[in-house]
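**Student:** Pasting start.cif below, which is mmCIF, C-alpha atoms.
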```cif
data_start
#
loop_
_atom_site.label_atom_id
_atom_site.label_comp_id
_atom_site.auth_asym_id
_atom_site.auth_seq_id
_atom_site.Cartn_x
_atom_site.Cartn_y
_atom_site.Cartn_z
CA MET A 142 -149.48 99.66 25.78
CA ALA A 143 -151.42 99.43 22.53
CA CYS A 144 -148.16 99.26 20.60
CA VAL A 145 -146.99 96.32 22.74
CA LEU A 146 -150.25 94.36 22.17
CA LEU A 147 -150.14 94.98 18.42
CA PHE A 148 -146.54 93.89 18.14
CA GLY A 149 -147.40 90.81 20.16
CA ARG A 150 -150.08 89.78 17.62
CA LEU A 151 -147.73 90.40 14.69
CA LEU A 152 -144.83 88.52 16.22
CA PRO A 153 -145.91 85.00 15.01
CA PHE A 154 -145.86 86.27 11.44
CA SER A 155 -142.52 88.04 11.76
CA HIS A 156 -140.63 85.03 10.36
CA ARG A 157 -142.36 85.68 7.05
CA LEU A 158 -141.13 89.28 6.91
CA ARG A 159 -137.72 90.50 6.04
CA GLY A 160 -135.85 92.80 8.38
CA THR A 161 -136.47 95.86 6.20
CA SER A 162 -140.19 95.24 6.07
CA ILE A 163 -140.35 94.94 9.85
CA CYS A 164 -138.51 98.25 10.23
CA LEU A 165 -140.86 100.05 7.83
CA LEU A 166 -143.91 98.57 9.50
CA SER A 167 -142.67 99.68 12.92
CA LEU A 168 -142.12 103.26 11.71
CA PHE A 169 -145.59 103.35 10.14
CA LEU A 170 -147.29 102.10 13.30
CA SER A 171 -145.31 104.62 15.41
CA TYR A 172 -146.53 107.41 13.13
CA LEU A 173 -150.18 106.27 13.52
CA PHE A 174 -149.98 106.21 17.30
CA TYR A 175 -148.24 109.60 17.31
CA CYS A 176 -151.11 111.10 15.33
CA ALA A 177 -153.63 109.52 17.71
CA LEU A 178 -151.91 110.92 20.77
CA PHE A 179 -151.38 114.44 19.26
CA PRO A 180 -154.42 115.16 17.09
CA ASP A 181 -153.46 118.86 16.67
CA GLY A 182 -149.96 118.04 15.44
CA ALA A 183 -148.35 120.13 18.14
CA ILE A 184 -146.12 119.74 21.13
CA MET A 185 -147.34 122.17 23.74
CA GLN A 186 -144.70 124.49 25.21
CA THR A 187 -144.69 126.49 28.37
CA SER A 188 -144.50 130.24 28.04
CA GLY A 189 -141.02 130.21 29.51
CA ASP A 190 -139.59 127.71 26.99
CA PRO A 191 -136.80 129.54 25.19
CA THR A 192 -136.61 127.05 22.29
CA PRO A 193 -138.12 127.71 18.87
CA SER A 194 -141.71 126.74 18.24
CA CYS A 195 -142.22 123.14 17.12
CA GLN A 196 -145.81 123.61 15.90
CA ARG A 197 -146.53 122.29 12.42
CA ALA A 198 -150.17 122.70 11.34
CA ASP A 199 -151.05 122.72 7.67
CA GLY A 200 -154.79 121.88 7.57
CA ALA A 201 -156.04 118.36 6.95
CA LYS A 202 -152.68 117.09 5.85
CA ARG A 203 -150.21 117.18 8.70
CA ARG A 204 -146.64 116.27 8.13
CA LEU A 205 -144.09 115.63 10.79
CA GLN A 206 -141.14 117.94 10.08
CA LYS A 207 -139.23 118.43 13.27
CA SER A 208 -135.80 119.91 13.80
CA LEU A 209 -133.38 118.24 16.16
CA SER A 210 -134.28 120.73 18.87
CA CYS A 211 -137.92 119.59 18.79
CA LEU A 212 -137.02 115.93 19.36
CA LEU A 213 -134.71 116.69 22.32
CA PRO A 214 -135.93 117.06 25.90
CA SER A 215 -136.42 120.66 27.00
CA ASP A 216 -133.21 120.82 29.03
CA ALA A 217 -131.24 119.35 26.15
CA ARG A 218 -132.88 121.81 23.78
CA LEU A 219 -131.74 124.73 25.96
CA SER A 220 -128.16 123.48 25.83
CA ALA A 221 -128.34 123.28 22.06
CA VAL A 222 -129.57 126.88 21.88
CA GLU A 223 -126.84 128.05 24.21
CA ALA A 224 -124.25 126.23 22.12
CA SER A 225 -125.59 127.92 19.02
CA ARG A 226 -125.38 131.33 20.65
CA LEU A 227 -121.85 130.62 21.87
CA LYS A 228 -120.76 129.71 18.37
CA ALA A 229 -122.29 132.92 17.05
CA ASP A 230 -120.45 134.94 19.71
CA GLN A 231 -117.16 133.42 18.62
CA ARG A 232 -117.60 134.57 15.04
CA PRO A 233 -116.17 138.03 14.13
CA HIS A 234 -118.80 140.75 14.14
CA PHE A 235 -118.42 143.63 11.73
CA ALA A 236 -121.59 145.63 12.16
CA HIS A 237 -123.88 147.09 14.78
CA HIS A 238 -122.24 146.00 18.00
CA THR A 239 -124.04 147.51 20.93
CA ALA A 240 -122.21 148.91 23.90
CA GLY A 241 -123.45 148.59 27.45
CA ASN A 242 -125.23 151.94 27.23
CA GLY A 243 -127.18 150.85 24.16
CA THR A 244 -125.09 152.89 21.71
CA PRO A 245 -123.93 150.96 18.63
CA SER A 246 -120.16 150.64 18.56
CA PRO A 247 -118.17 150.99 15.32
CA PRO A 248 -117.50 147.94 13.15
CA MET A 249 -114.28 146.06 13.82
CA SER A 250 -112.93 147.10 10.43
CA ASN A 251 -113.14 150.75 11.51
CA LEU A 252 -111.40 150.35 14.86
CA LYS A 253 -108.12 152.27 15.14
CA PHE A 254 -105.08 150.77 16.79
CA GLY A 255 -102.07 152.48 18.36
CA ASN A 256 -101.65 156.00 19.63
CA LYS A 257 -100.62 159.34 18.19
CA LYS A 258 -97.20 160.20 19.55
CA LEU A 259 -94.84 163.11 19.14
CA PRO A 260 -92.12 162.23 16.61
CA ASN A 261 -89.07 160.24 17.64
CA ALA A 262 -87.19 161.44 14.55
CA ILE A 263 -87.50 164.43 12.23
CA ILE A 264 -86.09 165.04 8.76
CA VAL A 265 -85.14 168.70 9.21
CA GLY A 266 -83.69 169.54 5.80
CA VAL A 267 -82.65 170.63 3.35
CA LYS A 268 -85.02 171.80 0.67
CA LYS A 269 -84.25 170.16 -2.72
CA GLY A 270 -81.73 167.91 -1.02
CA GLY A 271 -83.71 164.67 -1.25
CA THR A 272 -85.87 164.79 1.88
CA ARG A 273 -88.99 163.45 0.16
CA ALA A 274 -87.03 160.49 -1.20
CA VAL A 275 -85.66 159.63 2.25
CA LEU A 276 -89.13 159.82 3.77
CA GLU A 277 -90.74 157.64 1.09
CA PHE A 278 -87.92 155.10 1.23
CA ILE A 279 -87.91 154.78 5.03
CA ARG A 280 -91.69 154.43 5.13
CA ILE A 281 -91.29 151.01 3.54
CA HIS A 282 -89.98 149.84 6.90
CA PRO A 283 -92.76 148.23 8.99
CA ASP A 284 -91.46 149.86 12.17
CA VAL A 285 -91.78 153.41 10.81
CA ARG A 286 -94.89 155.56 10.46
CA ALA A 287 -94.65 159.12 9.17
CA ALA A 288 -96.84 162.15 8.65
CA GLY A 289 -97.61 162.42 4.95
CA THR A 290 -97.33 166.19 4.60
CA GLU A 291 -94.92 168.80 5.91
CA THR A 292 -96.30 170.04 9.23
CA HIS A 293 -94.22 173.25 9.53
CA PHE A 294 -94.99 173.16 13.24
CA PHE A 295 -91.66 174.42 14.57
CA ASP A 296 -91.32 177.28 12.07
CA ARG A 297 -94.87 178.44 11.21
CA ASN A 298 -97.40 176.83 13.55
CA TYR A 299 -95.61 176.69 16.89
CA ASP A 300 -98.26 178.79 18.61
CA ARG A 301 -100.82 176.02 17.99
CA GLY A 302 -99.21 173.90 20.69
CA LEU A 303 -97.84 170.38 20.98
CA GLU A 304 -101.26 168.72 21.15
CA TRP A 305 -102.13 170.18 17.77
CA TYR A 306 -98.80 168.87 16.49
CA ARG A 307 -99.44 165.43 17.99
CA GLY A 308 -102.79 165.32 16.23
CA LEU A 309 -101.02 165.51 12.86
CA MET A 310 -99.04 162.37 13.56
CA PRO A 311 -100.11 158.88 12.42
CA ARG A 312 -101.16 156.25 14.93
CA THR A 313 -98.26 154.00 15.89
CA LEU A 314 -97.75 150.93 18.00
CA GLU A 315 -95.36 150.99 20.94
CA SER A 316 -92.58 149.38 18.89
CA GLN A 317 -92.89 151.79 15.94
CA ILE A 318 -91.08 155.07 15.27
CA THR A 319 -93.04 158.22 14.48
CA MET A 320 -91.46 160.59 11.94
CA GLU A 321 -92.16 163.78 10.04
CA LYS A 322 -90.21 165.92 7.60
CA THR A 323 -90.15 169.68 7.07
CA PRO A 324 -87.03 170.81 5.16
CA SER A 325 -87.25 174.45 6.22
CA TYR A 326 -86.52 173.53 9.85
CA PHE A 327 -82.76 173.39 9.23
CA VAL A 328 -82.53 177.03 8.22
CA THR A 329 -85.01 178.43 10.77
CA LYS A 330 -83.15 179.92 13.73
CA GLU A 331 -85.77 179.13 16.41
CA THR A 332 -86.35 175.50 15.40
CA PRO A 333 -83.46 173.74 17.24
CA HIS A 334 -84.45 175.26 20.57
CA ARG A 335 -88.13 174.43 20.04
CA ILE A 336 -87.44 170.80 19.14
CA SER A 337 -85.11 170.38 22.12
CA THR A 338 -87.86 171.78 24.35
CA MET A 339 -90.20 169.07 23.06
CA SER A 340 -87.58 166.34 23.54
CA GLN A 341 -83.81 166.43 23.73
CA ASP A 342 -83.80 162.78 22.59
CA THR A 343 -85.27 163.55 19.17
CA LYS A 344 -83.15 162.11 16.35
CA LEU A 345 -82.49 164.50 13.48
CA ILE A 346 -81.88 163.63 9.83
CA GLU A 347 -80.29 166.17 7.49
CA VAL A 348 -80.15 165.47 3.75
CA VAL A 349 -77.42 167.60 2.15
CA ARG A 350 -76.42 168.12 -1.45
CA ASP A 351 -73.85 170.12 -3.43
CA PRO A 352 -75.04 173.65 -2.58
CA VAL A 353 -74.56 174.90 -6.15
CA THR A 354 -76.66 172.08 -7.64
CA ARG A 355 -79.17 172.51 -4.85
CA ALA A 356 -79.55 176.24 -5.60
CA ILE A 357 -80.14 175.57 -9.30
CA SER A 358 -82.72 172.91 -8.45
CA ASP A 359 -84.44 175.33 -6.07
CA TYR A 360 -84.56 178.00 -8.78
CA THR A 361 -85.89 175.50 -11.35
CA GLN A 362 -88.77 174.57 -9.06
CA THR A 363 -89.65 178.20 -8.37
CA LEU A 364 -89.46 179.05 -12.07
CA SER A 365 -91.98 176.33 -12.88
CA LYS A 366 -94.47 178.09 -10.61
CA THR A 367 -93.45 181.69 -11.47
CA PRO A 368 -92.54 181.89 -15.18
CA ASP A 369 -91.75 185.62 -15.06
CA LEU A 370 -89.01 185.09 -12.46
CA PRO A 371 -85.75 187.02 -13.08
CA SER A 372 -82.78 185.03 -14.35
CA PHE A 373 -80.76 182.85 -11.99
CA GLN A 374 -77.71 185.11 -12.32
CA ASP A 375 -79.72 188.23 -11.52
CA LEU A 376 -80.92 186.65 -8.28
CA ALA A 377 -77.69 184.91 -7.27
CA PHE A 378 -75.30 187.86 -7.67
CA ARG A 379 -75.23 191.41 -6.48
CA ASN A 380 -72.47 192.03 -8.94
CA GLN A 381 -71.52 189.06 -11.12
CA SER A 382 -68.60 190.81 -12.79
CA LEU A 383 -67.01 191.20 -9.34
CA GLY A 384 -68.20 187.79 -8.15
CA ILE A 385 -70.27 189.25 -5.29
CA VAL A 386 -72.93 186.70 -4.32
CA ASP A 387 -76.25 187.77 -2.82
CA MET A 388 -76.35 185.81 0.44
CA SER A 389 -79.81 187.16 1.24
CA TRP A 390 -81.40 185.14 -1.57
CA ASN A 391 -82.92 182.08 0.08
CA ALA A 392 -81.67 179.68 -2.60
CA ILE A 393 -78.10 180.75 -1.79
CA ARG A 394 -78.52 181.07 1.98
CA ILE A 395 -79.79 177.50 2.43
CA GLY A 396 -76.50 176.09 1.09
CA LEU A 397 -74.44 177.67 3.89
CA TYR A 398 -74.66 174.40 5.84
CA ALA A 399 -71.86 175.15 8.29
CA LEU A 400 -73.55 178.33 9.55
CA HIS A 401 -76.89 176.58 10.09
CA LEU A 402 -75.29 173.56 11.76
CA GLU A 403 -73.56 175.79 14.34
CA ASN A 404 -76.99 176.85 15.56
CA TRP A 405 -78.16 173.23 15.90
CA LEU A 406 -75.08 172.16 17.82
CA HIS A 407 -76.02 174.56 20.61
CA TYR A 408 -78.97 172.29 21.42
CA PHE A 409 -78.12 168.81 20.09
CA PRO A 410 -74.91 166.77 20.10
CA LEU A 411 -73.47 165.88 16.69
CA ALA A 412 -74.10 162.18 17.36
CA GLN A 413 -77.82 162.89 17.38
CA ILE A 414 -77.77 164.29 13.82
CA HIS A 415 -77.40 162.00 10.82
CA PHE A 416 -76.30 163.44 7.47
CA VAL A 417 -77.54 161.82 4.27
CA SER A 418 -75.68 162.47 1.01
CA GLY A 419 -78.15 163.61 -1.61
CA GLU A 420 -75.76 162.46 -4.34
CA ARG A 421 -75.31 158.94 -2.95
CA LEU A 422 -79.05 158.72 -2.38
CA ILE A 423 -79.31 158.68 -6.20
CA THR A 424 -76.36 156.42 -7.01
CA ASP A 425 -76.68 154.05 -4.01
CA PRO A 426 -80.08 154.42 -2.34
CA ALA A 427 -79.82 151.08 -0.52
CA GLY A 428 -76.48 152.02 1.04
CA GLU A 429 -77.71 155.41 2.23
CA MET A 430 -80.93 153.90 3.63
CA ALA A 431 -78.94 151.21 5.43
CA ARG A 432 -77.11 153.96 7.33
CA VAL A 433 -80.40 155.73 8.07
CA GLN A 434 -81.85 152.52 9.50
CA ASP A 435 -78.76 152.01 11.65
CA PHE A 436 -79.03 155.57 12.97
CA LEU A 437 -82.70 155.01 13.91
CA GLY A 438 -81.91 151.69 15.58
CA LEU A 439 -83.91 149.70 13.05
CA LYS A 440 -83.25 146.34 11.49
CA ARG A 441 -82.03 146.68 7.90
CA ILE A 442 -85.18 145.78 6.01
CA VAL A 443 -85.05 148.42 3.25
CA THR A 444 -82.39 147.01 0.90
CA ASP A 445 -81.35 147.07 -2.75
CA LYS A 446 -84.19 144.70 -3.64
CA HIS A 447 -86.61 147.63 -3.13
CA PHE A 448 -85.07 149.93 -5.76
CA TYR A 449 -84.56 150.29 -9.47
CA PHE A 450 -83.12 153.21 -11.41
CA ASN A 451 -85.57 155.15 -13.58
CA ARG A 452 -83.52 156.44 -16.51
CA THR A 453 -86.24 158.84 -17.59
CA LYS A 454 -86.29 160.66 -14.25
CA GLY A 455 -82.63 160.05 -13.53
CA PHE A 456 -83.65 158.94 -10.07
CA PRO A 457 -84.20 155.67 -8.17
CA CYS A 458 -87.78 154.48 -7.78
CA LEU A 459 -89.32 151.87 -5.54
CA LYS A 460 -90.09 148.54 -7.13
CA LYS A 461 -93.79 147.82 -7.26
CA PRO A 462 -95.19 145.90 -4.27
CA GLU A 463 -97.07 142.69 -5.02
CA SER A 464 -100.39 144.41 -4.32
CA SER A 465 -99.73 147.23 -6.79
CA GLY A 466 -99.79 147.30 -10.55
CA SER A 467 -97.03 149.86 -11.04
CA PRO A 468 -93.74 151.01 -9.45
CA ARG A 469 -93.68 153.92 -7.04
CA CYS A 470 -91.71 156.94 -8.24
CA LEU A 471 -91.59 160.38 -6.72
CA GLY A 472 -93.81 163.10 -8.16
CA LYS A 473 -93.31 165.09 -11.35
CA SER A 474 -91.48 167.84 -9.43
CA LYS A 475 -88.73 165.34 -8.53
CA GLY A 476 -85.97 164.66 -11.02
CA ARG A 477 -87.00 167.46 -13.39
CA THR A 478 -84.42 168.82 -15.81
CA HIS A 479 -82.57 171.85 -14.44
CA VAL A 480 -82.43 175.14 -16.31
CA GLN A 481 -79.16 175.83 -18.08
CA ILE A 482 -76.89 178.18 -16.12
CA ASP A 483 -73.86 179.99 -17.49
CA ARG A 484 -70.69 178.03 -16.72
CA ASP A 485 -68.87 181.08 -15.38
CA ALA A 486 -71.68 181.70 -12.90
CA ILE A 487 -71.42 178.11 -11.67
CA GLU A 488 -67.66 178.41 -11.13
CA GLN A 489 -68.13 181.69 -9.25
CA LEU A 490 -70.63 180.02 -6.94
CA ARG A 491 -68.27 177.08 -6.34
CA ASP A 492 -65.57 179.52 -5.30
CA PHE A 493 -68.05 181.24 -2.98
CA TYR A 494 -69.20 178.03 -1.29
CA ARG A 495 -65.77 176.35 -1.02
CA PRO A 496 -64.74 177.70 2.43
CA TYR A 497 -68.20 176.99 3.84
CA ASN A 498 -68.10 173.43 2.47
CA VAL A 499 -64.64 172.77 3.95
CA LYS A 500 -65.81 173.98 7.33
CA PHE A 501 -68.90 171.79 7.08
CA TYR A 502 -66.77 168.73 6.25
CA GLU A 503 -64.65 169.39 9.34
CA MET A 504 -67.68 169.85 11.58
CA VAL A 505 -69.34 166.56 10.58
CA GLY A 506 -66.14 164.59 10.02
CA HIS A 507 -66.99 163.64 6.45
CA ASP A 508 -65.90 164.88 3.01
CA PHE A 509 -68.91 165.00 0.66
CA LYS A 510 -66.62 165.80 -2.30
CA TRP A 511 -68.61 168.68 -3.74
CA GLU A 512 -65.55 170.25 -5.36
#
```
Show the structure stored in the file as structure tokens.
**Tutor:**
Amino acid sequence: MACVLLFGRLLPFSHRLRGTSICLLSLFLSYLFYCALFPDGAIMQTSGDPTPSCQRADGAKRRLQKSLSCLLPSDARLSAVEASRLKADQRPHFAHHTAGNGTPSPPMSNLKFGNKKLPNAIIVGVKKGGTRAVLEFIRIHPDVRAAGTETHFFDRNYDRGLEWYRGLMPRTLESQITMEKTPSYFVTKETPHRISTMSQDTKLIEVVRDPVTRAISDYTQTLSKTPDLPSFQDLAFRNQSLGIVDMSWNAIRIGLYALHLENWLHYFPLAQIHFVSGERLITDPAGEMARVQDFLGLKRIVTDKHFYFNRTKGFPCLKKPESSGSPRCLGKSKGRTHVQIDRDAIEQLRDFYRPYNVKFYEMVGHDFKWE
């Protein structure tokens, strides 16, 4: 009422004032009456008011510094608070979530997606054939996840059980394929039966290579770890002058592909086994990986754009991804220079392997041209 009377007295003089002056005068008078009505500089709140405190008391000099929530009616202020909380709830939270039982839940960045599944496909062999290369190349595919190390479940750890084996697998989404590789599976007699017991639908990948070259590569790797190893010829032959090969030596025995494959065909049809050429994996990695992707029922995503030939290693490497500063090549043990073997010994081994190779070609319906 006092404001109305005062404005009434000032009205006759208003024609002498500009609009801006009138506005400033009105604000000043409103401030004076506000101070008269609220001498303590506070808006009293009820104990149940959920809004922030609007009290501003700083001694003799009181300044009006109110947030928007203080100028709104109490019901409007509550809506503003609720809106603020809703906005906060919609933001991603990365720390100290609390579950219903009061236990903090892990940050979102630490949450794990997918499930650990038994493998849909296994690279079963052979040692020094190129199994690591196939695994690293196929892992580029977004629909493939693979165990990083050789599990040796079906040949050394079978008594640990399938749940232990499952625990070694990576987490995968429903649309992804789970894989592992252990090259010794192909030459272990019990492995085909054990894998078929787990699942008769398991797809098998076998990387094969000229058995003579493979044996020399195997020996070279062993020699690097055991320098006092006997010579290659001493291990490969019972009697070299007579051309009698020692089939009990593991480096020789692995190359008898036809004998090992017979065991696998008792448990899996040939159509369920894909054979990768270790030689073509070097000369045409994209072509070999295209056939692997077809066999696994995957879209051809791993192509020639992913590879380049490393002349130093004599082996294809993966081109560097955009997020990496260097290309990805296989380890130092891959592509190492083989030890020199007597030419006569090599020819004797070729003669030894020839009938086994021919039989293997007939069994798989493909000539790998190792002669």
**Student:** Excluding Tyr497 of chain A and residues on its chain fewer than 4 positions from it, collect all residues at most 8 Å away from it, counting only C-alpha atoms, and give them as a JSON list (two decimals) with C-alpha atoms, keeping the file's coordinate frame.
**Tutor:**
```
[["chain", "number", "residue", "atom", "x", "y", "z"],
["A", 397, "LEU", "CA", -74.44, 177.67, 3.89],
["A", 398, "TYR", "CA", -74.66, 174.40, 5.84],
["A", 399, "ALA", "CA", -71.86, 175.15, 8.29],
["A", 400, "LEU", "CA", -73.55, 178.33, 9.55],
["A", 501, "PHE", "CA", -68.90, 171.79, 7.08]]
```
**Student:** So that I can check the surroundings of His293 of chain A, please list as a ChimeraX atom specification every protein, DNA and RNA residue that reaches within 9 Å of it, counting all atoms listed in the file and ignoring chain neighbours fewer than 3 positions away.
**Tutor:** /A:296-299,322-326
**Student:** What's the separation between atom CA of Gly270 of chain A and atom CA of Val349 of chain A, in Å to one decimal place?
**Tutor:**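 Computing the Euclidean distance for atom CA of Gly270 of chain A and atom CA of Val349 of chain A yields 5.4 Å.
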**Student:** Can you pull out the residues contacting Ser372 of chain A? Cut-off 12 Å, using all atoms listed in the file, and skip same-chain residues under 6 positions away; I want them as an MDAnalysis selection string.
**Tutor:** chainID A and resid 357 360:361 363:364 378 480:483 486
**Student:** For each of A:Ile385, A:Ile336, A:Ile264, A:Ile279, take the minimum atom-to-atom distance to Trp405 of chain A, counting only C-alpha atoms, then give the residue where this is smallest.
**Tutor:**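 Nearest candidate to Trp405 of chain A out of A:Ile385, A:Ile336, A:Ile264, A:Ile279: A:Ile336.
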**Student:** Need the shell around Lys510 of chain A: protein/DNA/RNA residues with any atom at most 12 Å away, counting all atoms listed in the file. Skip same-chain ones fewer than 6 positions apart. Format as a PyMOL selection string?
**Tutor:** chain A and resi 349-352+418-421+495+498-499+501-502
**Student:** Keeping only C-alpha atoms, take the residues you just selected and write them out as an mmCIF file, in the frame of the given file.
**Tutor:**
```
data_model
loop_
_atom_site.group_PDB
_atom_site.id
_atom_site.type_symbol
_atom_site.label_atom_id
_atom_site.label_comp_id
_atom_site.auth_asym_id
_atom_site.auth_seq_id
_atom_site.Cartn_x
_atom_site.Cartn_y
_atom_site.Cartn_z
ATOM 1 C CA VAL A 349 -77.420 167.600 2.150
ATOM 2 C CA ARG A 350 -76.420 168.120 -1.450
ATOM 3 C CA ASP A 351 -73.850 170.120 -3.430
ATOM 4 C CA PRO A 352 -75.040 173.650 -2.580
ATOM 5 C CA SER A 418 -75.680 162.470 1.010
ATOM 6 C CA GLY A 419 -78.150 163.610 -1.610
ATOM 7 C CA GLU A 420 -75.760 162.460 -4.340
ATOM 8 C CA ARG A 421 -75.310 158.940 -2.950
ATOM 9 C CA ARG A 495 -65.770 176.350 -1.020
ATOM 10 C CA ASN A 498 -68.100 173.430 2.470
ATOM 11 C CA VAL A 499 -64.640 172.770 3.950
ATOM 12 C CA PHE A 501 -68.900 171.790 7.080
ATOM 13 C CA TYR A 502 -66.770 168.730 6.250
#
```
**Student:** From the options A:Cys458, A:Met320, A:Leu383, A:Val285, which residue's atoms come nearest to Pro426 of chain A, counting all atoms listed in the file?
**Tutor:**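 Of all the options, A:Cys458 lies closest to Pro426 of chain A.
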**Student:** In Å, rounded to a single decimal, give me how far atom CA of Ile395 of chain A is from atom CA of Thr332 of chain A.
**Tutor:**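 Result for atom CA of Thr332 of chain A versus atom CA of Ile395 of chain A: 14.7 Å, one decimal.
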**Student:** Measuring between all atoms listed in the file, which one of A:Asn261, A:Thr354, A:Asn256, A:Gln341 shows the shortest distance to Pro311 of chain A?
**Tutor:**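 Going through A:Asn261, A:Thr354, A:Asn256, A:Gln341 one by one, the smallest distance to Pro311 of chain A is for A:Asn256.
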**Student:** Suppose you want the space between atom CA of Ser382 of chain A and atom CA of Trp511 of chain A; what is it in Å?
**Tutor:** 23.9 Å
**Student:** Here is a test: counting only C-alpha atoms, which residue of A:Ser316, A:Ser340, A:Ala356, A:Leu402 is nearest to Glu503 of chain A?
**Tutor:**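 Using only C-alpha atoms, Glu503 of chain A sits closest to A:Leu402.
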**Student:** Using all atoms listed in the file for the distances, tell me which of A:Gly255, A:Val353, A:His401, A:Arg286 is nearest to Lys269 of chain A.
**Tutor:**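 Of A:Gly255, A:Val353, A:His401, A:Arg286, the one nearest Lys269 of chain A, counting all atoms listed in the file, is A:Val353.
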**Student:** Can you pull out every residue within 12 Å of Gln381 of chain A, counting all atoms listed in the file, but drop anything in the same chain fewer than 4 positions away, and send it as a ChimeraX atom specification?
**Tutor:** /A:373-377,385-387,483,485-490,493
**Student:** I'd like to see the residues matched by the PyMOL selection byres ((chain A and resi 292) around 8) on this file, and ideally I'd get them as a ChimeraX atom specification.
**Tutor:** /A:288,290-291,293-294,306,309,321-323
**Student:** Restricting it to C-alpha atoms, dump the selection as a PDB file, in the coordinates of the input.
**Tutor:**
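So result36.pdb came out as:
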```
ATOM      1  CA  ALA A 288     -96.840 162.150   8.650  1.00  0.00           C
ATOM      2  CA  THR A 290     -97.330 166.190   4.600  1.00  0.00           C
ATOM      3  CA  GLU A 291     -94.920 168.800   5.910  1.00  0.00           C
ATOM      4  CA  HIS A 293     -94.220 173.250   9.530  1.00  0.00           C
ATOM      5  CA  PHE A 294     -94.990 173.160  13.240  1.00  0.00           C
ATOM      6  CA  TYR A 306     -98.800 168.870  16.490  1.00  0.00           C
ATOM      7  CA  LEU A 309    -101.020 165.510  12.860  1.00  0.00           C
ATOM      8  CA  GLU A 321     -92.160 163.780  10.040  1.00  0.00           C
ATOM      9  CA  LYS A 322     -90.210 165.920   7.600  1.00  0.00           C
ATOM     10  CA  THR A 323     -90.150 169.680   7.070  1.00  0.00           C
TER      11      THR A 323
END
```
**Student:** Taking (-86.0, 159.4, -10.5) in the coordinates of the supplied file, I want to know which residues reach to within 6 Å of it, counting all atoms listed in the file; could you give the answer as a VMD selection string?
**Tutor:** chain A and resid 451 454 to 458 476
**Student:** Starting from the shown file, work through the PyMOL selection byres ((chain A and resi 444) around 10) and note down what comes out as a list in words.
**Tutor:**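 With the shown file as input, the PyMOL selection byres ((chain A and resi 444) around 10) matches Phe278, Pro426, Ala427, Gly428, Glu429, Met430, Ala431, Arg441, Ile442, Val443, Asp445, Lys446, His447 and Phe448 of chain A.
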**Student:** Limit the output to N, CA, C and O atoms and give segment 497-506 of chain A as a tab-separated table (two decimals), in the first residue's frame.
**Tutor:**
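The new file result_39.tsv reads:
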```tsv
chain	number	residue	atom	x	y	z
A	497	TYR	N	53.41	-90.55	-48.06
A	497	TYR	CA	52.48	-90.00	-47.07
A	497	TYR	C	51.82	-88.71	-47.59
A	497	TYR	O	50.62	-88.48	-47.35
A	498	ASN	N	52.60	-87.90	-48.32
A	498	ASN	CA	52.05	-86.67	-48.88
A	498	ASN	C	50.98	-86.97	-49.93
A	498	ASN	O	49.91	-86.35	-49.95
A	499	VAL	N	51.29	-87.95	-50.81
A	499	VAL	CA	50.32	-88.31	-51.86
A	499	VAL	C	49.01	-88.79	-51.24
A	499	VAL	O	47.91	-88.42	-51.69
A	500	LYS	N	49.12	-89.60	-50.22
A	500	LYS	CA	47.91	-90.08	-49.54
A	500	LYS	C	47.15	-88.92	-48.91
A	500	LYS	O	45.90	-88.89	-48.96
A	501	PHE	N	47.88	-88.00	-48.34
A	501	PHE	CA	47.22	-86.83	-47.72
A	501	PHE	C	46.50	-85.99	-48.77
A	501	PHE	O	45.36	-85.56	-48.55
A	502	TYR	N	47.13	-85.79	-49.94
A	502	TYR	CA	46.48	-85.03	-51.01
A	502	TYR	C	45.16	-85.70	-51.41
A	502	TYR	O	44.15	-85.02	-51.64
A	503	GLU	N	45.19	-87.02	-51.50
A	503	GLU	CA	43.99	-87.75	-51.90
A	503	GLU	C	42.89	-87.64	-50.84
A	503	GLU	O	41.70	-87.53	-51.17
A	504	MET	N	43.28	-87.69	-49.58
A	504	MET	CA	42.30	-87.63	-48.50
A	504	MET	C	41.58	-86.27	-48.45
A	504	MET	O	40.37	-86.21	-48.24
A	505	VAL	N	42.32	-85.20	-48.68
A	505	VAL	CA	41.73	-83.86	-48.55
A	505	VAL	C	41.25	-83.30	-49.89
A	505	VAL	O	40.58	-82.27	-49.94
A	506	GLY	N	41.63	-83.99	-50.98
A	506	GLY	CA	41.21	-83.52	-52.30
A	506	GLY	C	41.94	-82.29	-52.79
A	506	GLY	O	41.38	-81.48	-53.53
```
